[in-house]
>>> print(open('data_4.txt').read())   # compact mmCIF, C-alpha atoms (C1' of nucleotides)
# COMPACT_ATOMS: atom_id res chain seq x y z
CA MET X 1 3.76 46.73 5.85
CA GLY X 2 5.37 44.41 3.34
CA ASP X 3 1.90 43.38 2.22
CA LYS X 4 1.44 43.44 -1.48
CA GLN X 5 -1.78 44.70 -2.88
CA GLU X 6 -3.53 41.34 -2.56
CA ARG X 7 -6.09 40.10 -4.97
CA LYS X 8 -9.34 38.85 -3.57
CA PRO X 9 -9.24 35.04 -3.46
CA ARG X 10 -11.13 33.45 -6.28
CA ALA X 11 -14.55 32.05 -5.53
CA ASP X 12 -13.94 28.69 -7.20
CA VAL X 13 -10.87 28.13 -5.04
CA GLN X 14 -12.83 28.35 -1.84
CA ARG X 15 -15.63 26.31 -3.30
CA ASN X 16 -13.29 23.53 -4.38
CA ARG X 17 -11.43 23.55 -1.11
CA ALA X 18 -14.63 23.18 0.84
CA ALA X 19 -15.89 20.42 -1.43
CA LEU X 20 -12.59 18.58 -1.10
CA LEU X 21 -12.58 18.80 2.68
CA ASP X 22 -16.12 17.56 2.82
CA ALA X 23 -15.50 14.64 0.48
CA ALA X 24 -12.25 13.80 2.26
CA GLN X 25 -13.95 13.68 5.63
CA ARG X 26 -16.59 11.33 4.28
CA HIS X 27 -14.03 9.05 2.68
CA PHE X 28 -11.73 9.04 5.70
CA LEU X 29 -14.69 8.12 7.86
CA ALA X 30 -15.75 5.34 5.53
CA HIS X 31 -12.38 3.89 4.51
CA GLY X 32 -9.83 5.18 6.98
CA VAL X 33 -6.93 7.53 6.36
CA GLY X 34 -5.75 5.35 3.48
CA ALA X 35 -8.80 6.20 1.37
CA SER X 36 -8.22 6.69 -2.33
CA LEU X 37 -7.45 10.31 -3.08
CA GLU X 38 -8.63 9.82 -6.62
CA ALA X 39 -12.02 8.86 -5.25
CA VAL X 40 -12.03 11.90 -2.99
CA ALA X 41 -11.34 14.17 -5.93
CA LYS X 42 -14.00 12.55 -8.04
CA ASP X 43 -16.48 12.78 -5.20
CA ALA X 44 -15.69 16.46 -4.79
CA GLY X 45 -16.26 16.97 -8.48
CA VAL X 46 -12.71 18.03 -9.29
CA GLY X 47 -9.72 16.48 -11.01
CA PRO X 48 -6.78 14.92 -9.19
CA GLY X 49 -4.62 17.89 -10.12
CA THR X 50 -6.88 20.23 -8.17
CA LEU X 51 -6.73 18.05 -5.11
CA TYR X 52 -2.94 17.89 -5.15
CA ARG X 53 -2.67 21.63 -5.72
CA HIS X 54 -4.74 22.35 -2.65
CA PHE X 55 -3.23 19.60 -0.52
CA PRO X 56 0.19 18.47 -1.75
CA THR X 57 0.28 15.36 0.44
CA ARG X 58 -2.14 13.05 2.14
CA GLU X 59 -0.98 14.43 5.48
CA ALA X 60 -1.81 17.97 4.44
CA LEU X 61 -5.35 16.94 3.57
CA LEU X 62 -5.61 14.97 6.76
CA ALA X 63 -4.42 17.90 8.85
CA ALA X 64 -6.97 20.18 7.21
CA VAL X 65 -9.81 17.75 7.80
CA LEU X 66 -8.67 17.23 11.36
CA GLN X 67 -8.71 20.92 12.07
CA THR X 68 -12.44 20.75 11.46
CA ARG X 69 -12.67 18.18 14.23
CA SER X 70 -10.37 19.85 16.68
CA ALA X 71 -13.03 22.37 17.60
CA GLU X 72 -14.82 19.52 19.30
CA LEU X 73 -11.70 18.59 21.21
CA GLU X 74 -11.15 22.16 22.37
CA GLN X 75 -14.71 22.28 23.59
CA ARG X 76 -14.10 19.17 25.59
CA ARG X 77 -10.93 20.64 26.99
CA ALA X 78 -12.82 23.70 28.13
CA ASP X 79 -15.25 21.47 30.00
CA ILE X 80 -12.43 19.52 31.58
CA ASP X 81 -10.77 22.69 32.80
CA HIS X 82 -13.74 23.24 35.07
CA ILE X 83 -12.92 20.11 37.02
CA ASP X 84 -11.25 20.67 40.36
CA ALA X 85 -9.48 17.36 40.88
CA PRO X 86 -6.36 17.32 38.66
CA ALA X 87 -6.20 13.53 38.58
CA GLU X 88 -9.73 13.29 37.26
CA ALA X 89 -9.06 16.07 34.76
CA LEU X 90 -6.04 14.17 33.47
CA ARG X 91 -8.04 10.97 33.14
CA GLN X 92 -10.77 12.67 31.19
CA TRP X 93 -8.28 14.49 28.98
CA LEU X 94 -6.66 11.19 28.06
CA ARG X 95 -10.06 9.79 27.17
CA ALA X 96 -10.80 12.84 25.06
CA MET X 97 -7.55 12.40 23.17
CA GLU X 98 -8.24 8.72 22.60
CA ASP X 99 -11.57 9.61 21.03
CA TYR X 100 -9.94 12.25 18.89
CA PHE X 101 -7.27 9.82 17.72
CA SER X 102 -10.00 7.39 16.82
CA SER X 103 -11.73 9.85 14.49
CA PHE X 104 -10.60 7.85 11.49
CA SER X 105 -9.33 4.33 11.22
CA GLY X 106 -5.57 4.34 10.76
CA LEU X 107 -5.08 7.81 12.16
CA PRO X 108 -2.59 6.85 14.91
CA GLU X 109 0.04 5.86 12.35
CA PRO X 110 0.56 9.28 10.73
CA LEU X 111 0.10 10.98 14.09
CA MET X 112 2.99 9.04 15.55
CA ALA X 113 5.11 9.82 12.54
CA ALA X 114 4.36 13.50 13.02
CA ALA X 115 4.94 13.46 16.77
CA ARG X 116 8.36 11.97 16.27
CA ALA X 117 10.33 13.86 13.72
CA GLN X 118 10.53 17.61 13.91
CA ASP X 119 9.78 17.73 10.24
CA ALA X 120 8.52 21.26 10.17
CA ASP X 121 7.06 20.39 6.80
CA ASN X 122 4.79 17.71 8.22
CA PRO X 123 1.40 19.39 8.61
CA LEU X 124 0.47 17.14 11.52
CA THR X 125 3.45 18.07 13.67
CA ILE X 126 1.98 21.29 15.00
CA PRO X 127 -1.32 19.80 16.20
CA CYS X 128 0.65 17.02 17.87
CA ASP X 129 2.93 19.41 19.68
CA ILE X 130 -0.07 21.31 20.97
CA LEU X 131 -1.61 18.13 22.34
CA VAL X 132 1.64 17.03 23.96
CA LYS X 133 1.94 20.38 25.65
CA ALA X 134 -1.65 20.29 26.86
CA THR X 135 -1.12 16.82 28.26
CA ASP X 136 1.98 18.00 30.02
CA ASP X 137 -0.01 20.75 31.72
CA TYR X 138 -2.49 18.24 33.06
CA VAL X 139 0.30 15.93 34.16
CA ARG X 140 2.12 18.67 36.06
CA ALA X 141 -1.03 19.73 37.82
CA ALA X 142 -1.75 16.17 38.88
CA GLN X 143 1.83 15.72 39.99
CA GLN X 144 1.71 18.80 42.18
CA ASP X 145 -1.41 17.34 43.64
CA GLY X 146 0.58 14.20 44.41
CA HIS X 147 -1.52 11.85 42.32
CA VAL X 148 0.92 11.12 39.53
CA ARG X 149 4.46 9.81 39.61
CA ASP X 150 7.15 12.40 39.10
CA ALA X 151 8.91 10.36 36.44
CA VAL X 152 5.93 10.52 34.08
CA THR X 153 5.84 13.19 31.39
CA GLY X 154 3.11 14.58 29.19
CA TYR X 155 4.86 13.09 26.18
CA ASP X 156 4.70 9.64 27.80
CA LEU X 157 0.97 9.81 28.28
CA PHE X 158 0.44 11.29 24.85
CA LEU X 159 2.25 8.26 23.45
CA ALA X 160 0.18 6.00 25.65
CA ALA X 161 -3.04 7.57 24.40
CA VAL X 162 -2.01 7.13 20.78
CA SER X 163 -1.04 3.55 21.51
CA VAL X 164 -4.38 2.83 23.10
CA ALA X 165 -6.16 4.38 20.15
CA TRP X 166 -4.09 2.26 17.78
CA THR X 167 -4.78 -0.88 19.76
CA MET X 168 -8.50 -0.16 19.82
CA GLY X 169 -8.53 0.20 16.08
CA ALA X 170 -6.22 -2.69 15.31
CA ALA X 171 -7.69 -5.24 17.69
CA ASP X 172 -11.22 -3.87 17.96
CA LEU X 173 -11.29 -4.72 21.62
CA ASP X 174 -14.34 -5.77 23.54
CA THR X 175 -15.28 -3.35 26.30
CA GLU X 176 -13.73 -5.46 29.04
CA SER X 177 -10.32 -5.73 27.42
CA LEU X 178 -10.33 -2.04 26.67
CA GLY X 179 -11.18 -1.27 30.27
CA ARG X 180 -8.39 -3.50 31.50
CA LEU X 181 -5.94 -1.86 29.13
CA ARG X 182 -6.90 1.58 30.41
CA THR X 183 -6.67 0.42 34.00
CA LEU X 184 -3.27 -1.02 33.23
CA ILE X 185 -1.95 2.30 32.06
CA GLU X 186 -3.74 4.28 34.69
CA SER X 187 -2.33 2.26 37.54
CA GLY X 188 0.97 2.71 35.74
CA TYR X 189 1.16 6.46 36.01
CA ARG X 190 -0.64 6.94 39.30
CA GLU X 191 1.28 7.66 42.46
CA PRO X 192 1.05 4.37 44.37
CA THR X 193 0.51 6.04 47.75
CA GLU X 194 -2.95 5.76 49.17
CA MET K 1 -3.52 -45.37 4.93
CA GLY K 2 -5.19 -43.08 2.46
CA ASP K 3 -1.75 -42.03 1.21
CA LYS K 4 -1.46 -42.19 -2.52
CA GLN K 5 1.72 -43.33 -4.04
CA GLU K 6 3.39 -39.94 -3.62
CA ARG K 7 5.84 -38.54 -6.03
CA LYS K 8 9.09 -37.22 -4.66
CA PRO K 9 8.88 -33.43 -4.38
CA ARG K 10 10.60 -31.66 -7.21
CA ALA K 11 13.98 -30.15 -6.54
CA ASP K 12 13.24 -26.78 -8.12
CA VAL K 13 10.26 -26.32 -5.82
CA GLN K 14 12.39 -26.48 -2.73
CA ARG K 15 15.05 -24.33 -4.34
CA ASN K 16 12.57 -21.64 -5.28
CA ARG K 17 10.90 -21.70 -1.92
CA ALA K 18 14.20 -21.25 -0.15
CA ALA K 19 15.24 -18.44 -2.48
CA LEU K 20 11.91 -16.70 -1.96
CA LEU K 21 12.12 -16.92 1.81
CA ASP K 22 15.63 -15.58 1.75
CA ALA K 23 14.79 -12.68 -0.53
CA ALA K 24 11.62 -11.93 1.42
CA GLN K 25 13.50 -11.77 4.70
CA ARG K 26 15.98 -9.31 3.21
CA HIS K 27 13.26 -7.11 1.77
CA PHE K 28 11.12 -7.19 4.91
CA LEU K 29 14.19 -6.18 6.90
CA ALA K 30 15.01 -3.37 4.52
CA HIS K 31 11.56 -2.01 3.72
CA GLY K 32 9.21 -3.39 6.34
CA VAL K 33 6.35 -5.82 5.89
CA GLY K 34 4.94 -3.68 3.08
CA ALA K 35 7.89 -4.43 0.81
CA SER K 36 7.09 -4.94 -2.86
CA LEU K 37 6.39 -8.59 -3.58
CA GLU K 38 7.33 -8.03 -7.20
CA ALA K 39 10.76 -6.96 -6.03
CA VAL K 40 11.03 -10.02 -3.78
CA ALA K 41 10.24 -12.30 -6.68
CA LYS K 42 12.72 -10.59 -8.96
CA ASP K 43 15.36 -10.74 -6.26
CA ALA K 44 14.74 -14.44 -5.81
CA GLY K 45 15.11 -14.93 -9.53
CA VAL K 46 11.55 -16.11 -10.13
CA GLY K 47 8.42 -14.66 -11.67
CA PRO K 48 5.56 -13.21 -9.67
CA GLY K 49 3.42 -16.24 -10.45
CA THR K 50 5.85 -18.51 -8.68
CA LEU K 51 5.83 -16.34 -5.58
CA TYR K 52 2.04 -16.33 -5.39
CA ARG K 53 1.82 -20.07 -5.97
CA HIS K 54 4.12 -20.73 -3.03
CA PHE K 55 2.63 -18.03 -0.82
CA PRO K 56 -0.89 -17.01 -1.83
CA THR K 57 -0.96 -13.90 0.35
CA ARG K 58 1.48 -11.50 1.91
CA GLU K 59 0.56 -12.91 5.31
CA ALA K 60 1.45 -16.41 4.21
CA LEU K 61 4.89 -15.28 3.14
CA LEU K 62 5.27 -13.30 6.32
CA ALA K 63 4.30 -16.26 8.45
CA ALA K 64 6.80 -18.48 6.67
CA VAL K 65 9.62 -15.96 7.09
CA LEU K 66 8.66 -15.50 10.71
CA GLN K 67 8.84 -19.19 11.39
CA THR K 68 12.51 -18.94 10.58
CA ARG K 69 12.82 -16.38 13.36
CA SER K 70 10.69 -18.12 15.90
CA ALA K 71 13.43 -20.62 16.65
CA GLU K 72 15.27 -17.75 18.28
CA LEU K 73 12.24 -16.88 20.37
CA GLU K 74 11.82 -20.46 21.52
CA GLN K 75 15.44 -20.55 22.55
CA ARG K 76 14.90 -17.46 24.59
CA ARG K 77 11.85 -18.98 26.17
CA ALA K 78 13.84 -22.03 27.17
CA ASP K 79 16.35 -19.76 28.89
CA ILE K 80 13.60 -17.87 30.66
CA ASP K 81 12.07 -21.07 31.96
CA HIS K 82 15.19 -21.60 34.03
CA ILE K 83 14.44 -18.48 36.04
CA ASP K 84 12.99 -19.07 39.48
CA ALA K 85 11.19 -15.79 40.11
CA PRO K 86 7.95 -15.78 38.10
CA ALA K 87 7.73 -11.99 38.06
CA GLU K 88 11.17 -11.70 36.52
CA ALA K 89 10.38 -14.47 34.06
CA LEU K 90 7.27 -12.61 32.97
CA ARG K 91 9.21 -9.39 32.53
CA GLN K 92 11.82 -11.04 30.38
CA TRP K 93 9.22 -12.87 28.33
CA LEU K 94 7.50 -9.60 27.55
CA ARG K 95 10.83 -8.16 26.43
CA ALA K 96 11.47 -11.19 24.26
CA MET K 97 8.11 -10.79 22.58
CA GLU K 98 8.70 -7.10 22.00
CA ASP K 99 11.93 -7.91 20.22
CA TYR K 100 10.22 -10.57 18.17
CA PHE K 101 7.44 -8.18 17.19
CA SER K 102 10.07 -5.68 16.13
CA SER K 103 11.69 -8.08 13.69
CA PHE K 104 10.35 -6.09 10.77
CA SER K 105 8.97 -2.60 10.60
CA GLY K 106 5.19 -2.68 10.37
CA LEU K 107 4.87 -6.18 11.77
CA PRO K 108 2.54 -5.28 14.69
CA GLU K 109 -0.26 -4.33 12.30
CA PRO K 110 -0.80 -7.75 10.68
CA LEU K 111 -0.11 -9.46 14.01
CA MET K 112 -2.95 -7.58 15.63
CA ALA K 113 -5.22 -8.38 12.75
CA ALA K 114 -4.37 -12.05 13.16
CA ALA K 115 -4.71 -12.04 16.95
CA ARG K 116 -8.17 -10.57 16.68
CA ALA K 117 -10.26 -12.50 14.26
CA GLN K 118 -10.41 -16.26 14.44
CA ASP K 119 -9.84 -16.40 10.72
CA ALA K 120 -8.51 -19.90 10.59
CA ASP K 121 -7.25 -19.04 7.15
CA ASN K 122 -4.96 -16.30 8.39
CA PRO K 123 -1.52 -17.89 8.57
CA LEU K 124 -0.48 -15.62 11.43
CA THR K 125 -3.32 -16.60 13.74
CA ILE K 126 -1.72 -19.80 14.99
CA PRO K 127 1.62 -18.26 16.00
CA CYS K 128 -0.30 -15.51 17.77
CA ASP K 129 -2.43 -17.95 19.72
CA ILE K 130 0.67 -19.79 20.83
CA LEU K 131 2.21 -16.59 22.11
CA VAL K 132 -0.95 -15.55 23.93
CA LYS K 133 -1.09 -18.90 25.62
CA ALA K 134 2.58 -18.75 26.61
CA THR K 135 2.07 -15.30 28.05
CA ASP K 136 -0.91 -16.53 29.99
CA ASP K 137 1.22 -19.25 31.54
CA TYR K 138 3.76 -16.73 32.76
CA VAL K 139 1.01 -14.47 34.03
CA ARG K 140 -0.66 -17.23 36.01
CA ALA K 141 2.61 -18.27 37.57
CA ALA K 142 3.36 -14.69 38.61
CA GLN K 143 -0.16 -14.30 39.95
CA GLN K 144 0.14 -17.39 42.10
CA ASP K 145 3.33 -15.89 43.38
CA GLY K 146 1.34 -12.80 44.29
CA HIS K 147 3.29 -10.40 42.10
CA VAL K 148 0.67 -9.70 39.47
CA ARG K 149 -2.89 -8.42 39.78
CA ASP K 150 -5.58 -11.03 39.42
CA ALA K 151 -7.52 -9.00 36.87
CA VAL K 152 -4.69 -9.12 34.34
CA THR K 153 -4.75 -11.77 31.63
CA GLY K 154 -2.14 -13.11 29.25
CA TYR K 155 -4.08 -11.63 26.37
CA ASP K 156 -3.86 -8.19 28.00
CA LEU K 157 -0.11 -8.32 28.24
CA PHE K 158 0.21 -9.78 24.77
CA LEU K 159 -1.70 -6.76 23.50
CA ALA K 160 0.47 -4.49 25.59
CA ALA K 161 3.62 -6.03 24.12
CA VAL K 162 2.36 -5.59 20.57
CA SER K 163 1.42 -2.02 21.38
CA VAL K 164 4.84 -1.28 22.78
CA ALA K 165 6.45 -2.80 19.71
CA TRP K 166 4.23 -0.69 17.49
CA THR K 167 5.05 2.43 19.44
CA MET K 168 8.75 1.71 19.27
CA GLY K 169 8.55 1.37 15.53
CA ALA K 170 6.22 4.26 14.92
CA ALA K 171 7.84 6.79 17.21
CA ASP K 172 11.38 5.40 17.28
CA LEU K 173 11.66 6.23 20.93
CA ASP K 174 14.82 7.28 22.66
CA THR K 175 15.94 4.86 25.34
CA GLU K 176 14.57 6.95 28.18
CA SER K 177 11.07 7.24 26.79
CA LEU K 178 11.02 3.56 26.01
CA GLY K 179 12.11 2.75 29.55
CA ARG K 180 9.40 4.99 30.97
CA LEU K 181 6.79 3.36 28.75
CA ARG K 182 7.82 -0.08 29.94
CA THR K 183 7.83 1.05 33.55
CA LEU K 184 4.39 2.49 33.02
CA ILE K 185 2.98 -0.82 31.90
CA GLU K 186 4.94 -2.81 34.41
CA SER K 187 3.69 -0.82 37.33
CA GLY K 188 0.31 -1.27 35.74
CA TYR K 189 0.15 -5.01 35.99
CA ARG K 190 2.13 -5.51 39.18
CA GLU K 191 0.43 -6.26 42.44
CA PRO K 192 0.74 -2.96 44.34
CA THR K 193 1.51 -4.59 47.67
CA GLU K 194 5.08 -4.23 48.86
C1' DA R 1 18.64 -43.81 -22.50
C1' DT R 2 14.19 -42.38 -23.75
C1' DA R 3 9.43 -41.50 -23.52
C1' DA R 4 5.42 -39.99 -20.88
C1' DT R 5 3.05 -36.90 -17.82
C1' DA R 6 2.22 -34.57 -13.67
C1' DT R 7 3.99 -30.58 -11.94
C1' DC R 8 5.87 -26.25 -12.04
C1' DC R 9 7.74 -21.93 -14.15
C1' DG R 10 7.64 -17.14 -15.70
C1' DG R 11 6.10 -13.35 -17.82
C1' DA R 12 2.33 -11.08 -20.17
C1' DG R 13 -1.66 -8.60 -18.96
C1' DG R 14 -5.66 -6.35 -16.53
C1' DG R 15 -6.74 -3.56 -12.65
C1' DT R 16 -6.08 0.16 -9.02
C1' DA R 17 -4.06 4.14 -7.31
C1' DA R 18 -0.31 7.82 -6.71
C1' DA R 19 1.56 11.88 -8.43
C1' DT R 20 2.74 15.15 -12.29
C1' DC R 21 2.23 18.07 -16.21
C1' DC R 22 0.26 21.29 -19.44
C1' DG R 23 -3.24 23.27 -22.77
C1' DG R 24 -7.45 25.38 -22.02
C1' DT R 25 -10.57 28.01 -18.96
C1' DT R 26 -12.29 31.23 -15.44
C1' DC R 27 -12.36 34.81 -12.46
C1' DA R 28 -11.13 39.46 -10.47
C1' DA R 29 -9.32 43.77 -11.56
C1' DA R 30 -8.50 47.62 -14.61
C1' DT W 1 -14.86 44.63 -22.11
C1' DT W 2 -10.39 43.40 -22.05
C1' DT W 3 -6.52 41.32 -19.78
C1' DG W 4 -3.60 38.07 -17.62
C1' DA W 5 -2.72 35.72 -13.45
C1' DA W 6 -4.57 32.01 -11.22
C1' DC W 7 -6.76 27.94 -11.63
C1' DC W 8 -8.91 23.68 -13.62
C1' DG W 9 -9.14 18.85 -15.16
C1' DG W 10 -7.84 14.96 -17.25
C1' DA W 11 -4.35 12.52 -19.86
C1' DT W 12 -0.17 10.40 -18.62
C1' DT W 13 3.51 8.01 -16.28
C1' DT W 14 4.87 5.02 -12.83
C1' DA W 15 4.51 1.38 -9.45
C1' DC W 16 2.38 -2.41 -7.54
C1' DC W 17 -0.96 -6.29 -6.97
C1' DC W 18 -2.61 -10.50 -8.56
C1' DT W 19 -4.13 -14.01 -12.24
C1' DC W 20 -3.87 -16.81 -16.09
C1' DC W 21 -1.93 -20.08 -19.34
C1' DG W 22 1.44 -21.81 -22.90
C1' DG W 23 5.79 -23.65 -22.48
C1' DA W 24 9.45 -25.88 -19.79
C1' DT W 25 11.15 -29.35 -16.44
C1' DA W 26 11.79 -32.94 -13.27
C1' DT W 27 10.48 -37.49 -11.98
C1' DT W 28 8.89 -41.98 -13.03
C1' DA W 29 8.15 -45.83 -16.02
C1' DT W 30 9.67 -48.47 -19.92
>>> encode(input="data_4.txt", output="structure tokens")
Amino acid sequence: MGDKQERKPRADVQRNRAALLDAAQRHFLAHGVGASLEAVAKDAGVGPGTLYRHFPTREALLAAVLQTRSAELEQRRADIDHIDAPAEALRQWLRAMEDYFSSFSGLPEPLMAAARAQDADNPLTIPCDILVKATDDYVRAAQQDGHVRDAVTGYDLFLAAVSVAWTMGAADLDTESLGRLRTLIESGYREPTE
Amino acid sequence: MGDKQERKPRADVQRNRAALLDAAQRHFLAHGVGASLEAVAKDAGVGPGTLYRHFPTREALLAAVLQTRSAELEQRRADIDHIDAPAEALRQWLRAMEDYFSSFSGLPEPLMAAARAQDADNPLTIPCDILVKATDDYVRAAQQDGHVRDAVTGYDLFLAAVSVAWTMGAADLDTESLGRLRTLIESGYREPTE
DNA sequence: ATAATATCCGGAGGGTAAATCCGGTTCAAA
DNA sequence: TTTGAACCGGATTTACCCTCCGGATATTAT
């Protein structure tokens, strides 16, 4: 309707964007979310100006790279949805989110910042909201099944998952400690009956 | 014995050190632990070289500023030790640590780093070890009283307290969410009986 | 009071990285 | 092939970290 006669997007734009995403993913994996953007640009074979034109902020780049990864998470969610027991589904969903949050070292920090403020301009806010909502669905199901306290919300467990991911990264826990931490939280949200 | 004939410490050294600590505390309060050290030096009326001579790393400065604050924590611990019920003492101790960890924005990060590695050269390691040990004492007491699971350790709850502090800072929680998060952890470590 | 010297000061300077700006270039459409 | 909008890339500015060393200063000895 209001669509202008649109030009076909230039080939170099798509090429550069893809190269930037690829380089960014490599650098985020190797050096965490604080990786040098200059280095990313150089590695992608473009100048810093090109990087900043495509992705005005670090968060924008991060969100774009993360979208690549979220396919994996959605796949996992699809698997989980085949589980009958809501409590087990919730547990596995929390684990899946922890893994996702651990994609890059330092990721929990900007995720928290995005989950908090309703800065519509923060590119990470939307993915966060989706995850919170998904968690809430699992929580409600488990509550109706009587396995989770009524006072607990999806937002609470989303926060808990981010916290666990942060702790894992910050303290690089041994397996035992990590298990105890998970148990701690799990026995925190479970309905104590039975 | 092996003491050389020591010179009296120079007056300007103490003056500069005090000015640096004061300025650093103000800047850490205002801008978090990542505050510009250049700005701290300027604010203290000294050059950057002087700052780095007194405190070779950011952690060293942070540890020194924190020592100022730890008197407050020790006072609180003394109060808590007058409580009879070990479970309540543990709860209050965890709250006290959370407050301490929230002294400056961004403090949990370097604390975790120090709690992890036994870098004897990290100036924050010693304070962390002390706190872990203190927490362990409270945990053991509460366990003997039968109010805390046997599997839980002082280190676990130290980690949990740092995580909560981080979450508070990163997500600036409303009071309700914060309360739910605390309840979550509390019902996680408590002995389920009764 | 004055000289001697160990100690300390402070800023200049090199290095890294963020973010912006603009003259030149490239691509799609006519 | 021409055109011009869109795009590129790097030079630049700014901010911060951290080190180094000539000059200044406080303490001690005379």
>>> atom_distance(input="data_4.txt", atom1="atom C1' of DT25 of chain R", atom2="atom CA of Arg58 of chain X")
27.2 Å
>>> interface_residues(input="data_4.txt", of="chain X", to="chain K", cutoff="6 Å", atoms="all atoms listed in the file", output="list of chain:residue names")
X:Met112, X:Arg116, X:Ala170, X:Ala171, X:Leu184, X:Ile185, X:Ser187, X:Gly188, X:Tyr189
>>> interface_residues(input="data_4.txt", of="chain R", to="chain X", cutoff="9 Å", atoms="only C-alpha atoms (C1' of nucleotides)", output="MDAnalysis selection string")
chainID R and resid 17:20 26:29
>>> closest_atom_pairs(input="data_4.txt", of="chain X", to="chain W", cutoff="7 Å", atoms="all atoms listed in the file", output="tab-separated table")
residue	atom	partner	partner_atom	distance
X:Val46	CA	W:DG9	C1'	6.9
X:Gly47	CA	W:DG9	C1'	4.8
X:Gly49	CA	W:DG9	C1'	6.8
X:Thr50	CA	W:DC8	C1'	6.8
>>> atom_distance(input="data_4.txt", atom1="atom C1' of DC21 of chain R", atom2="atom CA of Lys42 of chain X")
19.0 Å
>>> atom_distance(input="data_4.txt", atom1="atom CA of Arg77 of chain K", atom2="atom CA of Ala161 of chain K")
15.5 Å
